[in-house]
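**Q** Pasting final-v9.cif below, which is mmCIF, C-alpha atoms.
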data_protein
loop_
_atom_site.group_PDB
_atom_site.id
_atom_site.type_symbol
_atom_site.label_atom_id
_atom_site.label_comp_id
_atom_site.auth_asym_id
_atom_site.auth_seq_id
_atom_site.Cartn_x
_atom_site.Cartn_y
_atom_site.Cartn_z
ATOM 1 C CA MET A 17 18.893 -20.161 2.343
ATOM 2 C CA VAL A 18 15.127 -20.007 2.716
ATOM 3 C CA GLY A 19 15.222 -20.982 6.390
ATOM 4 C CA THR A 20 18.001 -18.496 7.080
ATOM 5 C CA SER A 21 16.100 -15.616 5.520
ATOM 6 C CA GLN A 22 12.833 -16.351 7.301
ATOM 7 C CA LYS A 23 14.195 -16.787 10.824
ATOM 8 C CA PRO A 24 15.208 -13.131 11.471
ATOM 9 C CA GLY A 25 11.782 -11.935 10.299
ATOM 10 C CA LEU A 26 10.067 -14.459 12.508
ATOM 11 C CA ASN A 27 12.141 -13.384 15.517
ATOM 12 C CA LYS A 28 11.372 -9.742 14.764
ATOM 13 C CA ASN A 29 7.643 -10.472 14.686
ATOM 14 C CA LEU A 30 7.910 -12.374 17.961
ATOM 15 C CA ILE A 31 9.569 -9.360 19.576
ATOM 16 C CA ILE A 32 6.889 -7.050 18.133
ATOM 17 C CA LEU A 33 4.116 -9.330 19.409
ATOM 18 C CA HIS A 34 5.577 -9.572 22.916
ATOM 19 C CA PHE A 35 6.052 -5.796 23.039
ATOM 20 C CA THR A 36 2.450 -5.324 21.836
ATOM 21 C CA VAL A 37 1.122 -7.658 24.543
ATOM 22 C CA PHE A 38 3.181 -5.729 27.107
ATOM 23 C CA ILE A 39 1.466 -2.513 25.956
ATOM 24 C CA TRP A 40 -1.946 -4.231 26.166
ATOM 25 C CA GLY A 41 -1.088 -5.214 29.724
ATOM 26 C CA PHE A 42 -0.793 -1.507 30.499
ATOM 27 C CA THR A 43 -4.448 -0.920 29.486
ATOM 28 C CA SER A 44 -5.703 -2.463 32.735
ATOM 29 C CA ILE A 45 -3.617 0.105 34.657
ATOM 30 C CA LEU A 46 -5.093 2.951 32.600
ATOM 31 C CA GLY A 47 -8.594 1.465 32.934
ATOM 32 C CA LYS A 48 -8.209 1.636 36.704
ATOM 33 C CA LEU A 49 -6.994 5.242 36.581
ATOM 34 C CA ILE A 50 -9.662 6.597 34.185
ATOM 35 C CA HIS A 51 -12.887 7.574 35.958
ATOM 36 C CA VAL A 52 -15.591 7.518 33.249
ATOM 37 C CA GLN A 53 -17.881 4.520 32.649
ATOM 38 C CA SER A 54 -16.601 1.697 30.422
ATOM 39 C CA VAL A 55 -18.689 2.564 27.335
ATOM 40 C CA TYR A 56 -17.487 6.192 27.431
ATOM 41 C CA LEU A 57 -13.918 5.080 28.060
ATOM 42 C CA VAL A 58 -14.033 2.875 24.950
ATOM 43 C CA TRP A 59 -15.740 5.590 22.855
ATOM 44 C CA TYR A 60 -12.971 8.077 23.695
ATOM 45 C CA ARG A 61 -10.323 5.404 23.166
ATOM 46 C CA VAL A 62 -11.608 4.425 19.729
ATOM 47 C CA ALA A 63 -12.178 8.049 18.635
ATOM 48 C CA ILE A 64 -8.608 9.038 19.551
ATOM 49 C CA ALA A 65 -7.152 5.952 17.852
ATOM 50 C CA PHE A 66 -9.247 6.509 14.706
ATOM 51 C CA VAL A 67 -8.178 10.166 14.411
ATOM 52 C CA THR A 68 -4.542 9.207 15.069
ATOM 53 C CA LEU A 69 -4.536 6.705 12.203
ATOM 54 C CA PHE A 70 -6.302 9.167 9.889
ATOM 55 C CA LEU A 71 -3.647 11.804 10.578
ATOM 56 C CA TYR A 72 -0.940 9.179 10.055
ATOM 57 C CA PHE A 73 -2.325 8.359 6.602
ATOM 58 C CA LYS A 74 -2.620 12.019 5.651
ATOM 59 C CA PHE A 75 0.850 12.915 6.909
ATOM 60 C CA ASN A 76 2.443 10.016 5.002
ATOM 61 C CA ARG A 77 0.133 10.454 1.998
ATOM 62 C CA THR A 78 -0.890 6.829 2.272
ATOM 63 C CA ASP A 79 -3.645 5.486 0.041
ATOM 64 C CA PHE A 80 -6.029 3.783 2.462
ATOM 65 C CA LYS A 81 -9.028 3.351 0.162
ATOM 66 C CA VAL A 82 -10.648 -0.088 -0.110
ATOM 67 C CA THR A 83 -13.461 -1.447 -2.263
ATOM 68 C CA ARG A 84 -17.007 -2.019 -1.016
ATOM 69 C CA ASN A 85 -16.795 -5.671 0.108
ATOM 70 C CA PRO A 86 -13.583 -5.348 2.182
ATOM 71 C CA PHE A 87 -14.932 -2.128 3.676
ATOM 72 C CA LEU A 88 -18.135 -3.841 4.844
ATOM 73 C CA LYS A 89 -16.213 -6.807 6.303
ATOM 74 C CA LEU A 90 -13.860 -4.559 8.252
ATOM 75 C CA PHE A 91 -16.630 -2.141 9.246
ATOM 76 C CA PHE A 92 -18.768 -4.911 10.756
ATOM 77 C CA THR A 93 -15.733 -6.551 12.362
ATOM 78 C CA GLY A 94 -15.386 -3.230 14.180
ATOM 79 C CA ALA A 95 -18.558 -4.116 16.080
ATOM 80 C CA LEU A 96 -16.716 -7.134 17.541
ATOM 81 C CA VAL A 97 -13.703 -4.978 18.401
ATOM 82 C CA GLY A 98 -15.801 -2.324 20.156
ATOM 83 C CA GLY A 99 -17.906 -4.981 21.875
ATOM 84 C CA HIS A 100 -14.791 -6.738 23.159
ATOM 85 C CA TRP A 101 -13.395 -3.570 24.749
ATOM 86 C CA ILE A 102 -16.713 -2.517 26.304
ATOM 87 C CA LEU A 103 -17.313 -5.990 27.737
ATOM 88 C CA PHE A 104 -13.736 -6.122 29.043
ATOM 89 C CA PHE A 105 -13.879 -2.824 30.939
ATOM 90 C CA GLN A 106 -17.455 -3.441 32.106
ATOM 91 C CA ALA A 107 -16.425 -6.861 33.454
ATOM 92 C CA ILE A 108 -13.663 -5.135 35.442
ATOM 93 C CA LYS A 109 -16.171 -2.662 36.924
ATOM 94 C CA LEU A 110 -18.705 -5.406 37.793
ATOM 95 C CA SER A 111 -16.118 -7.783 39.258
ATOM 96 C CA THR A 112 -12.371 -7.203 39.625
ATOM 97 C CA VAL A 113 -9.342 -6.953 37.354
ATOM 98 C CA SER A 114 -8.318 -10.408 38.574
ATOM 99 C CA VAL A 115 -11.589 -12.101 37.677
ATOM 100 C CA THR A 116 -11.738 -10.395 34.276
ATOM 101 C CA LEU A 117 -8.191 -11.419 33.361
ATOM 102 C CA VAL A 118 -8.918 -15.026 34.340
ATOM 103 C CA CYS A 119 -11.902 -14.927 31.980
ATOM 104 C CA LEU A 120 -9.817 -13.308 29.242
ATOM 105 C CA SER A 121 -7.405 -16.234 29.423
ATOM 106 C CA SER A 122 -10.133 -18.348 27.809
ATOM 107 C CA LEU A 123 -9.204 -16.521 24.562
ATOM 108 C CA THR A 124 -6.744 -19.323 23.771
ATOM 109 C CA LEU A 125 -9.370 -22.027 24.221
ATOM 110 C CA PHE A 126 -11.976 -20.117 22.177
ATOM 111 C CA THR A 127 -9.449 -19.670 19.361
ATOM 112 C CA ALA A 128 -8.438 -23.344 19.469
ATOM 113 C CA VAL A 129 -12.092 -24.206 18.776
ATOM 114 C CA PHE A 130 -13.258 -21.275 16.584
ATOM 115 C CA GLU A 131 -10.282 -21.093 14.205
ATOM 116 C CA PRO A 132 -10.590 -24.648 12.810
ATOM 117 C CA LEU A 133 -14.383 -24.342 12.659
ATOM 118 C CA ILE A 134 -14.195 -21.094 10.650
ATOM 119 C CA ASN A 135 -11.323 -22.303 8.459
ATOM 120 C CA LYS A 136 -12.895 -25.773 8.148
ATOM 121 C CA THR A 137 -9.870 -27.631 9.471
ATOM 122 C CA LYS A 138 -9.420 -30.281 12.148
ATOM 123 C CA ILE A 139 -9.450 -29.154 15.802
ATOM 124 C CA SER A 140 -5.961 -29.547 17.287
ATOM 125 C CA LYS A 141 -5.835 -31.468 20.560
ATOM 126 C CA LEU A 142 -2.502 -29.779 21.311
ATOM 127 C CA GLU A 143 -4.069 -26.318 20.977
ATOM 128 C CA VAL A 144 -7.018 -27.243 23.201
ATOM 129 C CA LEU A 145 -4.610 -28.690 25.798
ATOM 130 C CA SER A 146 -2.499 -25.523 25.621
ATOM 131 C CA GLY A 147 -5.626 -23.420 26.175
ATOM 132 C CA LEU A 148 -6.550 -25.436 29.262
ATOM 133 C CA LEU A 149 -2.992 -25.129 30.642
ATOM 134 C CA ILE A 150 -3.087 -21.350 30.152
ATOM 135 C CA ILE A 151 -6.378 -21.109 32.048
ATOM 136 C CA SER A 152 -4.990 -23.221 34.909
ATOM 137 C CA GLY A 153 -1.889 -20.991 35.056
ATOM 138 C CA ILE A 154 -3.861 -17.761 35.260
ATOM 139 C CA PHE A 155 -6.253 -19.349 37.758
ATOM 140 C CA LEU A 156 -3.251 -19.847 40.055
ATOM 141 C CA ILE A 157 -2.153 -16.225 39.612
ATOM 142 C CA PHE A 158 -5.453 -14.708 40.673
ATOM 143 C CA LYS A 159 -7.931 -15.450 43.419
ATOM 144 C CA PHE A 160 -11.009 -16.418 41.429
ATOM 145 C CA GLU A 161 -14.089 -15.003 43.125
ATOM 146 C CA THR A 162 -17.094 -16.893 41.751
ATOM 147 C CA HIS A 163 -19.782 -14.606 43.191
ATOM 148 C CA TYR A 164 -19.171 -12.069 40.406
ATOM 149 C CA THR A 165 -21.481 -13.940 38.040
ATOM 150 C CA LEU A 166 -22.313 -11.120 35.608
ATOM 151 C CA GLY A 167 -18.705 -9.942 35.498
ATOM 152 C CA ILE A 168 -17.572 -13.484 34.666
ATOM 153 C CA VAL A 169 -20.150 -13.828 31.873
ATOM 154 C CA LEU A 170 -19.108 -10.483 30.349
ATOM 155 C CA GLY A 171 -15.430 -11.418 30.663
ATOM 156 C CA LEU A 172 -16.007 -14.686 28.797
ATOM 157 C CA LEU A 173 -18.002 -12.897 26.077
ATOM 158 C CA SER A 174 -15.162 -10.379 25.774
ATOM 159 C CA ALA A 175 -12.710 -13.236 25.184
ATOM 160 C CA ALA A 176 -15.013 -14.822 22.593
ATOM 161 C CA PHE A 177 -15.314 -11.507 20.696
ATOM 162 C CA ALA A 178 -11.528 -11.063 20.771
ATOM 163 C CA SER A 179 -11.037 -14.566 19.419
ATOM 164 C CA LEU A 180 -13.439 -13.985 16.515
ATOM 165 C CA PHE A 181 -11.965 -10.688 15.313
ATOM 166 C CA ALA A 182 -8.421 -12.081 15.666
ATOM 167 C CA ILE A 183 -9.332 -14.979 13.370
ATOM 168 C CA ILE A 184 -10.931 -12.569 10.884
ATOM 169 C CA ASN A 185 -7.841 -10.344 10.965
ATOM 170 C CA SER A 186 -5.503 -13.282 10.385
ATOM 171 C CA LYS A 187 -7.204 -13.640 6.976
ATOM 172 C CA GLN A 188 -7.505 -9.921 6.230
ATOM 173 C CA VAL A 189 -3.810 -9.219 6.851
ATOM 174 C CA LYS A 190 -2.908 -11.541 3.959
ATOM 175 C CA GLN A 191 -4.746 -9.183 1.585
ATOM 176 C CA ARG A 192 -4.066 -5.639 2.862
ATOM 177 C CA GLU A 193 -1.844 -3.647 5.191
ATOM 178 C CA ALA A 194 -2.407 -3.760 8.964
ATOM 179 C CA PRO A 195 -2.913 0.034 9.397
ATOM 180 C CA VAL A 196 -5.713 -0.043 6.794
ATOM 181 C CA ILE A 197 -7.399 -2.961 8.568
ATOM 182 C CA ALA A 198 -7.130 -1.187 11.919
ATOM 183 C CA PHE A 199 -8.451 2.097 10.482
ATOM 184 C CA TYR A 200 -11.692 0.660 9.086
ATOM 185 C CA GLU A 201 -12.290 -1.617 12.066
ATOM 186 C CA LEU A 202 -11.859 1.328 14.420
ATOM 187 C CA MET A 203 -14.197 3.327 12.175
ATOM 188 C CA GLY A 204 -16.771 0.556 12.538
ATOM 189 C CA ALA A 205 -16.261 0.352 16.300
ATOM 190 C CA LEU A 206 -16.688 4.129 16.621
ATOM 191 C CA PHE A 207 -19.856 4.076 14.496
ATOM 192 C CA TRP A 208 -21.557 1.234 16.390
ATOM 193 C CA ILE A 209 -20.685 2.617 19.828
ATOM 194 C CA THR A 210 -21.866 6.094 18.779
ATOM 195 C CA LEU A 211 -25.123 4.592 17.475
ATOM 196 C CA TYR A 212 -25.624 2.792 20.785
ATOM 197 C CA LEU A 213 -25.031 5.998 22.756
ATOM 198 C CA LEU A 214 -27.448 7.947 20.529
ATOM 199 C CA PHE A 215 -30.257 5.442 21.049
ATOM 200 C CA THR A 216 -29.678 5.152 24.793
ATOM 201 C CA GLY A 217 -29.229 8.865 25.462
ATOM 202 C CA GLY A 218 -25.628 8.232 26.403
ATOM 203 C CA PHE A 219 -24.259 11.578 25.230
ATOM 204 C CA ASN A 220 -24.762 13.400 28.519
ATOM 205 C CA SER A 221 -22.885 14.973 31.412
ATOM 206 C CA GLU A 222 -21.563 11.588 32.536
ATOM 207 C CA MET A 223 -19.098 11.756 29.630
ATOM 208 C CA LYS A 224 -17.351 14.717 31.235
ATOM 209 C CA LEU A 225 -13.666 14.102 31.854
ATOM 210 C CA ILE A 226 -11.489 15.271 34.703
ATOM 211 C CA PRO A 227 -8.056 16.692 33.689
ATOM 212 C CA SER A 228 -6.115 13.499 34.528
ATOM 213 C CA ASP A 229 -8.468 11.383 32.391
ATOM 214 C CA ILE A 230 -7.532 13.336 29.261
ATOM 215 C CA GLY A 231 -3.842 12.478 29.497
ATOM 216 C CA TYR A 232 -4.528 8.814 30.274
ATOM 217 C CA LEU A 233 -7.009 8.553 27.373
ATOM 218 C CA ILE A 234 -4.512 10.052 24.918
ATOM 219 C CA ILE A 235 -1.967 7.387 25.922
ATOM 220 C CA LEU A 236 -4.666 4.700 25.770
ATOM 221 C CA GLY A 237 -5.910 5.828 22.356
ATOM 222 C CA THR A 238 -2.556 6.396 20.646
ATOM 223 C CA VAL A 239 0.031 4.018 22.112
ATOM 224 C CA CYS A 240 -2.198 1.278 23.555
ATOM 225 C CA THR A 241 -4.744 1.256 20.719
ATOM 226 C CA SER A 242 -3.717 2.640 17.322
ATOM 227 C CA LEU A 243 -0.042 1.646 17.592
ATOM 228 C CA ALA A 244 -0.553 -1.640 19.444
ATOM 229 C CA TYR A 245 -3.579 -2.653 17.364
ATOM 230 C CA VAL A 246 -1.698 -2.154 14.082
ATOM 231 C CA ALA A 247 1.298 -4.073 15.443
ATOM 232 C CA GLY A 248 -0.925 -6.896 16.721
ATOM 233 C CA VAL A 249 -2.607 -7.284 13.337
ATOM 234 C CA SER A 250 0.638 -7.035 11.327
ATOM 235 C CA VAL A 251 2.299 -10.040 13.019
ATOM 236 C CA MET A 252 -0.562 -12.245 11.827
ATOM 237 C CA LYS A 253 1.208 -12.383 8.471
ATOM 238 C CA GLU A 254 3.581 -14.843 10.173
ATOM 239 C CA PHE A 255 1.521 -16.342 12.998
ATOM 240 C CA SER A 256 -1.841 -18.068 13.223
ATOM 241 C CA ALA A 257 -4.634 -16.549 15.297
ATOM 242 C CA PHE A 258 -4.055 -19.285 17.881
ATOM 243 C CA ARG A 259 -0.329 -18.504 18.222
ATOM 244 C CA VAL A 260 -1.141 -14.818 18.719
ATOM 245 C CA ALA A 261 -3.815 -15.741 21.286
ATOM 246 C CA LEU A 262 -1.324 -17.997 23.067
ATOM 247 C CA ILE A 263 1.247 -15.227 23.522
ATOM 248 C CA THR A 264 -1.503 -12.716 24.369
ATOM 249 C CA ASN A 265 -1.998 -14.657 27.595
ATOM 250 C CA LEU A 266 1.145 -12.979 28.907
ATOM 251 C CA GLU A 267 -0.986 -9.826 29.222
ATOM 252 C CA PRO A 268 -2.171 -10.697 32.765
ATOM 253 C CA VAL A 269 1.414 -11.471 33.803
ATOM 254 C CA TYR A 270 2.625 -8.110 32.499
ATOM 255 C CA GLY A 271 -0.441 -6.448 34.009
ATOM 256 C CA ILE A 272 0.179 -7.719 37.516
ATOM 257 C CA VAL A 273 3.883 -6.799 37.360
ATOM 258 C CA MET A 274 2.926 -3.260 36.319
ATOM 259 C CA ALA A 275 0.278 -3.137 39.061
ATOM 260 C CA PHE A 276 3.067 -3.963 41.506
ATOM 261 C CA ILE A 277 5.253 -1.183 40.062
ATOM 262 C CA PHE A 278 2.535 1.508 39.840
ATOM 263 C CA PHE A 279 0.346 0.634 42.828
ATOM 264 C CA ASN A 280 2.865 -1.248 45.022
ATOM 265 C CA GLU A 281 0.562 -4.284 45.126
ATOM 266 C CA MET A 282 3.112 -6.595 46.703
ATOM 267 C CA ASP A 283 0.387 -8.932 47.984
ATOM 268 C CA LYS A 284 -0.308 -10.112 44.407
ATOM 269 C CA MET A 285 3.250 -11.404 43.969
ATOM 270 C CA THR A 286 2.394 -14.664 45.725
ATOM 271 C CA ALA A 287 3.683 -18.203 45.232
ATOM 272 C CA GLY A 288 0.597 -18.752 43.069
ATOM 273 C CA PHE A 289 1.731 -15.926 40.806
ATOM 274 C CA TRP A 290 5.149 -17.461 40.201
ATOM 275 C CA VAL A 291 3.781 -20.988 39.649
ATOM 276 C CA GLY A 292 1.044 -19.687 37.345
ATOM 277 C CA ALA A 293 3.485 -17.494 35.424
ATOM 278 C CA LEU A 294 5.814 -20.489 35.000
ATOM 279 C CA ILE A 295 2.950 -22.599 33.572
ATOM 280 C CA ILE A 296 1.970 -19.809 31.145
ATOM 281 C CA LEU A 297 5.542 -19.123 30.019
ATOM 282 C CA SER A 298 6.306 -22.833 29.641
ATOM 283 C CA THR A 299 3.164 -23.410 27.569
ATOM 284 C CA ILE A 300 3.847 -20.411 25.318
ATOM 285 C CA PHE A 301 7.498 -21.202 24.649
ATOM 286 C CA LEU A 302 7.212 -25.007 24.502
ATOM 287 C CA PHE A 303 4.157 -24.999 22.209
ATOM 288 C CA PRO A 304 6.153 -24.408 18.963
ATOM 289 C CA PHE A 305 8.556 -27.251 19.839
ATOM 290 C CA ALA A 306 5.698 -29.638 20.665
ATOM 291 C CA GLN A 307 3.987 -28.649 17.408
ATOM 292 C CA LYS A 308 7.135 -29.414 15.402
ATOM 293 C CA ARG A 309 7.628 -32.777 17.137
ATOM 294 C CA ILE A 310 4.052 -33.840 16.389
ATOM 295 C CA ALA A 311 4.386 -32.695 12.764
ATOM 296 C CA ALA A 312 7.678 -34.655 12.425
ATOM 297 C CA ARG A 313 6.056 -37.844 13.737
ATOM 298 C CA LYS A 314 3.287 -37.590 11.161
ATOM 299 C CA LYS A 315 5.774 -37.534 8.270
#
Any chance you could put this one into structure tokens?
**A**
Amino acid sequence: MVGTSQKPGLNKNLIILHFTVFIWGFTSILGKLIHVQSVYLVWYRVAIAFVTLFLYFKFNRTDFKVTRNPFLKLFFTGALVGGHWILFFQAIKLSTVSVTLVCLSSLTLFTAVFEPLINKTKISKLEVLSGLLIISGIFLIFKFETHYTLGIVLGLLSAAFASLFAIINSKQVKQREAPVIAFYELMGALFWITLYLLFTGGFNSEMKLIPSDIGYLIILGTVCTSLAYVAGVSVMKEFSAFRVALITNLEPVYGIVMAFIFFNEMDKMTAGFWVGALIILSTIFLFPFAQKRIAARKK
């Protein structure tokens, strides 16, 4: 009876996670369409998402108060969240979407190493191998242009930041609701980015938006951030940070398919894309079975 009751919930969370990753894949499309610099883009994105969640709490009369220690943990984790998004969009501007997404694929490998170190458990060879397979798959999808040195470095840092806050959230979600976690982390992200802009004189005319940017930012801030972020955190009640990172690597696949749909980029749908996508999909869907087989042999 226990196994029967858990399976539907697990399947539901898998569907939610895949849908969330699909939405995240859409952010690269919006990032290409929005004209302002990456730090301004992220500031607007976080501000809209923060206000959206605040209004959600007020409308539903949800108690979102937390004590001092959880508040500080979530608030400072927000610095990692904001840093990840700024580094991600800046890497795109300094290199290309392709290069940045290849770098982001290292998220799986970072998580395979960071998660056991933080949780003080043994590093899984299967997880490290899966991370390397994911990177090889995405490498085949995109033409990796190595002369974008700074963009590559920022892309790798973005992946490292994402790995760290995902591991933190996998612990936090066991203690409090996902919308509350997202709210205080977005508050922290908004505070730290605002502080950075204040000290660097960033609040200037360069923040001015053209009419089309406003609509894209509203979609980015509400659907792709507040909604998707809450959903992404909530599934961590069932999945480890590594499993979430593993499935997150479908983001580039979804992204390139949407780029084909929106920008008619037929040239990206190469043989390398299909081979790389097959490697990624095979790794993601075969990983749970391989994990179970290894666990069964150890019994």
**Q** Running the PyMOL selection byres ((chain A and resi 237-252) around 7) on this model by hand, what would come out? Give it as a list in words.
**A** Asn29, Ile32, Leu33, Thr36, Ile39, Trp40, Thr43, Arg61, Val62, Ile64, Ala65, Thr68, Leu69, Asn185, Ser186, Val189, Ala194, Pro195, Ala198, Leu233, Ile234, Ile235, Leu236, Lys253, Glu254, Phe255, Ser256 and Ala257 of chain A
**Q** List the residues selected by the PyMOL selection byres ((chain A and resi 212-216) around 12) in the file shown, writing them as a list in words.
**A**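 In the shown coordinates, the PyMOL selection byres ((chain A and resi 212-216) around 12) covers Val55, Tyr56, Val58, Trp59, Ala95, Gly98, Gly99, Ile102, Ala205, Leu206, Phe207, Trp208, Ile209, Thr210, Leu211, Gly217, Gly218, Phe219, Asn220, Glu222 and Met223 of chain A.
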**Q** Write out, as a PDB file, in the frame of the given file, the residues just selected, with C-alpha atoms.
**A**
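Result file is again08.pdb:
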ATOM      1  CA  VAL A  55     -18.689   2.564  27.335  1.00  0.00           C
ATOM      2  CA  TYR A  56     -17.487   6.192  27.431  1.00  0.00           C
ATOM      3  CA  VAL A  58     -14.033   2.875  24.950  1.00  0.00           C
ATOM      4  CA  TRP A  59     -15.740   5.590  22.855  1.00  0.00           C
ATOM      5  CA  ALA A  95     -18.558  -4.116  16.080  1.00  0.00           C
ATOM      6  CA  GLY A  98     -15.801  -2.324  20.156  1.00  0.00           C
ATOM      7  CA  GLY A  99     -17.906  -4.981  21.875  1.00  0.00           C
ATOM      8  CA  ILE A 102     -16.713  -2.517  26.304  1.00  0.00           C
ATOM      9  CA  ALA A 205     -16.261   0.352  16.300  1.00  0.00           C
ATOM     10  CA  LEU A 206     -16.688   4.129  16.621  1.00  0.00           C
ATOM     11  CA  PHE A 207     -19.856   4.076  14.496  1.00  0.00           C
ATOM     12  CA  TRP A 208     -21.557   1.234  16.390  1.00  0.00           C
ATOM     13  CA  ILE A 209     -20.685   2.617  19.828  1.00  0.00           C
ATOM     14  CA  THR A 210     -21.866   6.094  18.779  1.00  0.00           C
ATOM     15  CA  LEU A 211     -25.123   4.592  17.475  1.00  0.00           C
ATOM     16  CA  GLY A 217     -29.229   8.865  25.462  1.00  0.00           C
ATOM     17  CA  GLY A 218     -25.628   8.232  26.403  1.00  0.00           C
ATOM     18  CA  PHE A 219     -24.259  11.578  25.230  1.00  0.00           C
ATOM     19  CA  ASN A 220     -24.762  13.400  28.519  1.00  0.00           C
ATOM     20  CA  GLU A 222     -21.563  11.588  32.536  1.00  0.00           C
ATOM     21  CA  MET A 223     -19.098  11.756  29.630  1.00  0.00           C
TER      22      MET A 223
END
**Q** Within 6 Å of Thr124 of chain A, counting only C-alpha atoms, which residues show up once you throw out same-chain ones fewer than 4 positions away? Write them as a list of chain:residue names, please.
**A**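 Non-adjacent residues within range: A:Gly147, A:Ala261, A:Leu262.
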**Q** Quote the spacing between atom CA of Ser179 of chain A and atom CA of Thr127 of chain A in Å to one decimal place.
**A**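 Computing it gives 5.3 Å between the two atoms.
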**Q** Would you compute, for all listed atoms of segment 252-267 of chain A, the axis-aligned bounding box grown by 4 Å on each side, and then report its centre and edge lengths in Å rounded to one decimal, as AutoDock Vina command-line options?
**A**
--center_x -0.5 --center_y -14.6 --center_z 18.8 --size_x 16.2 --size_y 17.5 --size_z 28.8
**Q** For a quick check of understanding, using all atoms listed in the file, which of A:Leu90, A:Ala306, A:Ile31, A:Leu170 has the smallest distance to Ile184 of chain A?
**A**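 Distance minimum relative to Ile184 of chain A lands on A:Leu90.
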**Q** Atom CA of Phe73 of chain A to atom CA of Leu202 of chain A: how many Å, to one decimal?
**A** 14.2 Å
**Q** Calculate how many Å separate atom CA of Ile183 of chain A from atom CA of Asn135 of chain A, rounding to one decimal.
**A**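 Going from atom CA of Ile183 of chain A over to atom CA of Asn135 of chain A covers 9.0 Å.
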**Q** Calculated over only C-alpha atoms, which of the candidates A:Phe303, A:Phe276, A:Phe177, A:Tyr270 has the smallest distance to Trp101 of chain A?
**A** A:Phe177
**Q** Which residues come within 9 Å of Ile108 of chain A, counting all atoms listed in the file, excluding same-chain residues fewer than 2 positions away, as a list in words?
**A**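 Returned residues: Ser44, Gly47, Lys48, Ser54, Leu103, Phe104, Phe105, Gln106, Leu110, Ser111, Thr112, Val113, Ser114, Val115, Thr116, Leu117, Gly167 and Gly171 of chain A.
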**Q** Return the single residue from A:His51, A:Arg192, A:His34, A:Lys81 that is closest to Leu266 of chain A, with distances computed using all atoms listed in the file.
**A**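 Using all atoms listed in the file, the shortest distance to Leu266 of chain A belongs to A:His34.
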**Q** For segment 195-209 of chain A, where the input has fewer atoms than it should, I would like N, CA and C atoms rebuilt and written as a compact mmCIF listing (two decimals), in the coordinates of the input.
**A**
# COMPACT_ATOMS: atom_id res chain seq x y z
N PRO A 195 -2.32 -1.26 9.03
CA PRO A 195 -2.91 0.03 9.40
C PRO A 195 -4.26 0.28 8.74
N VAL A 196 -4.44 -0.20 7.50
CA VAL A 196 -5.71 -0.04 6.79
C VAL A 196 -6.80 -0.87 7.47
N ILE A 197 -6.45 -2.09 7.85
CA ILE A 197 -7.40 -2.96 8.57
C ILE A 197 -7.82 -2.30 9.87
N ALA A 198 -6.84 -1.83 10.63
CA ALA A 198 -7.13 -1.19 11.92
C ALA A 198 -8.00 0.05 11.74
N PHE A 199 -7.72 0.85 10.72
CA PHE A 199 -8.45 2.10 10.48
C PHE A 199 -9.94 1.84 10.27
N TYR A 200 -10.28 0.91 9.39
CA TYR A 200 -11.69 0.66 9.09
C TYR A 200 -12.41 -0.11 10.20
N GLU A 201 -11.67 -0.94 10.93
CA GLU A 201 -12.29 -1.62 12.07
C GLU A 201 -12.56 -0.63 13.20
N LEU A 202 -11.63 0.29 13.41
CA LEU A 202 -11.86 1.33 14.42
C LEU A 202 -12.98 2.27 14.00
N MET A 203 -13.08 2.54 12.69
CA MET A 203 -14.20 3.33 12.18
C MET A 203 -15.52 2.63 12.49
N GLY A 204 -15.56 1.33 12.24
CA GLY A 204 -16.77 0.56 12.54
C GLY A 204 -17.09 0.56 14.02
N ALA A 205 -16.06 0.35 14.85
CA ALA A 205 -16.26 0.35 16.30
C ALA A 205 -16.81 1.70 16.77
N LEU A 206 -16.23 2.78 16.24
CA LEU A 206 -16.69 4.13 16.62
C LEU A 206 -18.13 4.36 16.20
N PHE A 207 -18.49 3.91 15.00
CA PHE A 207 -19.86 4.08 14.50
C PHE A 207 -20.86 3.32 15.37
N TRP A 208 -20.59 2.06 15.65
CA TRP A 208 -21.56 1.23 16.39
C TRP A 208 -21.70 1.70 17.83
N ILE A 209 -20.61 2.11 18.45
CA ILE A 209 -20.68 2.62 19.83
C ILE A 209 -21.44 3.95 19.86
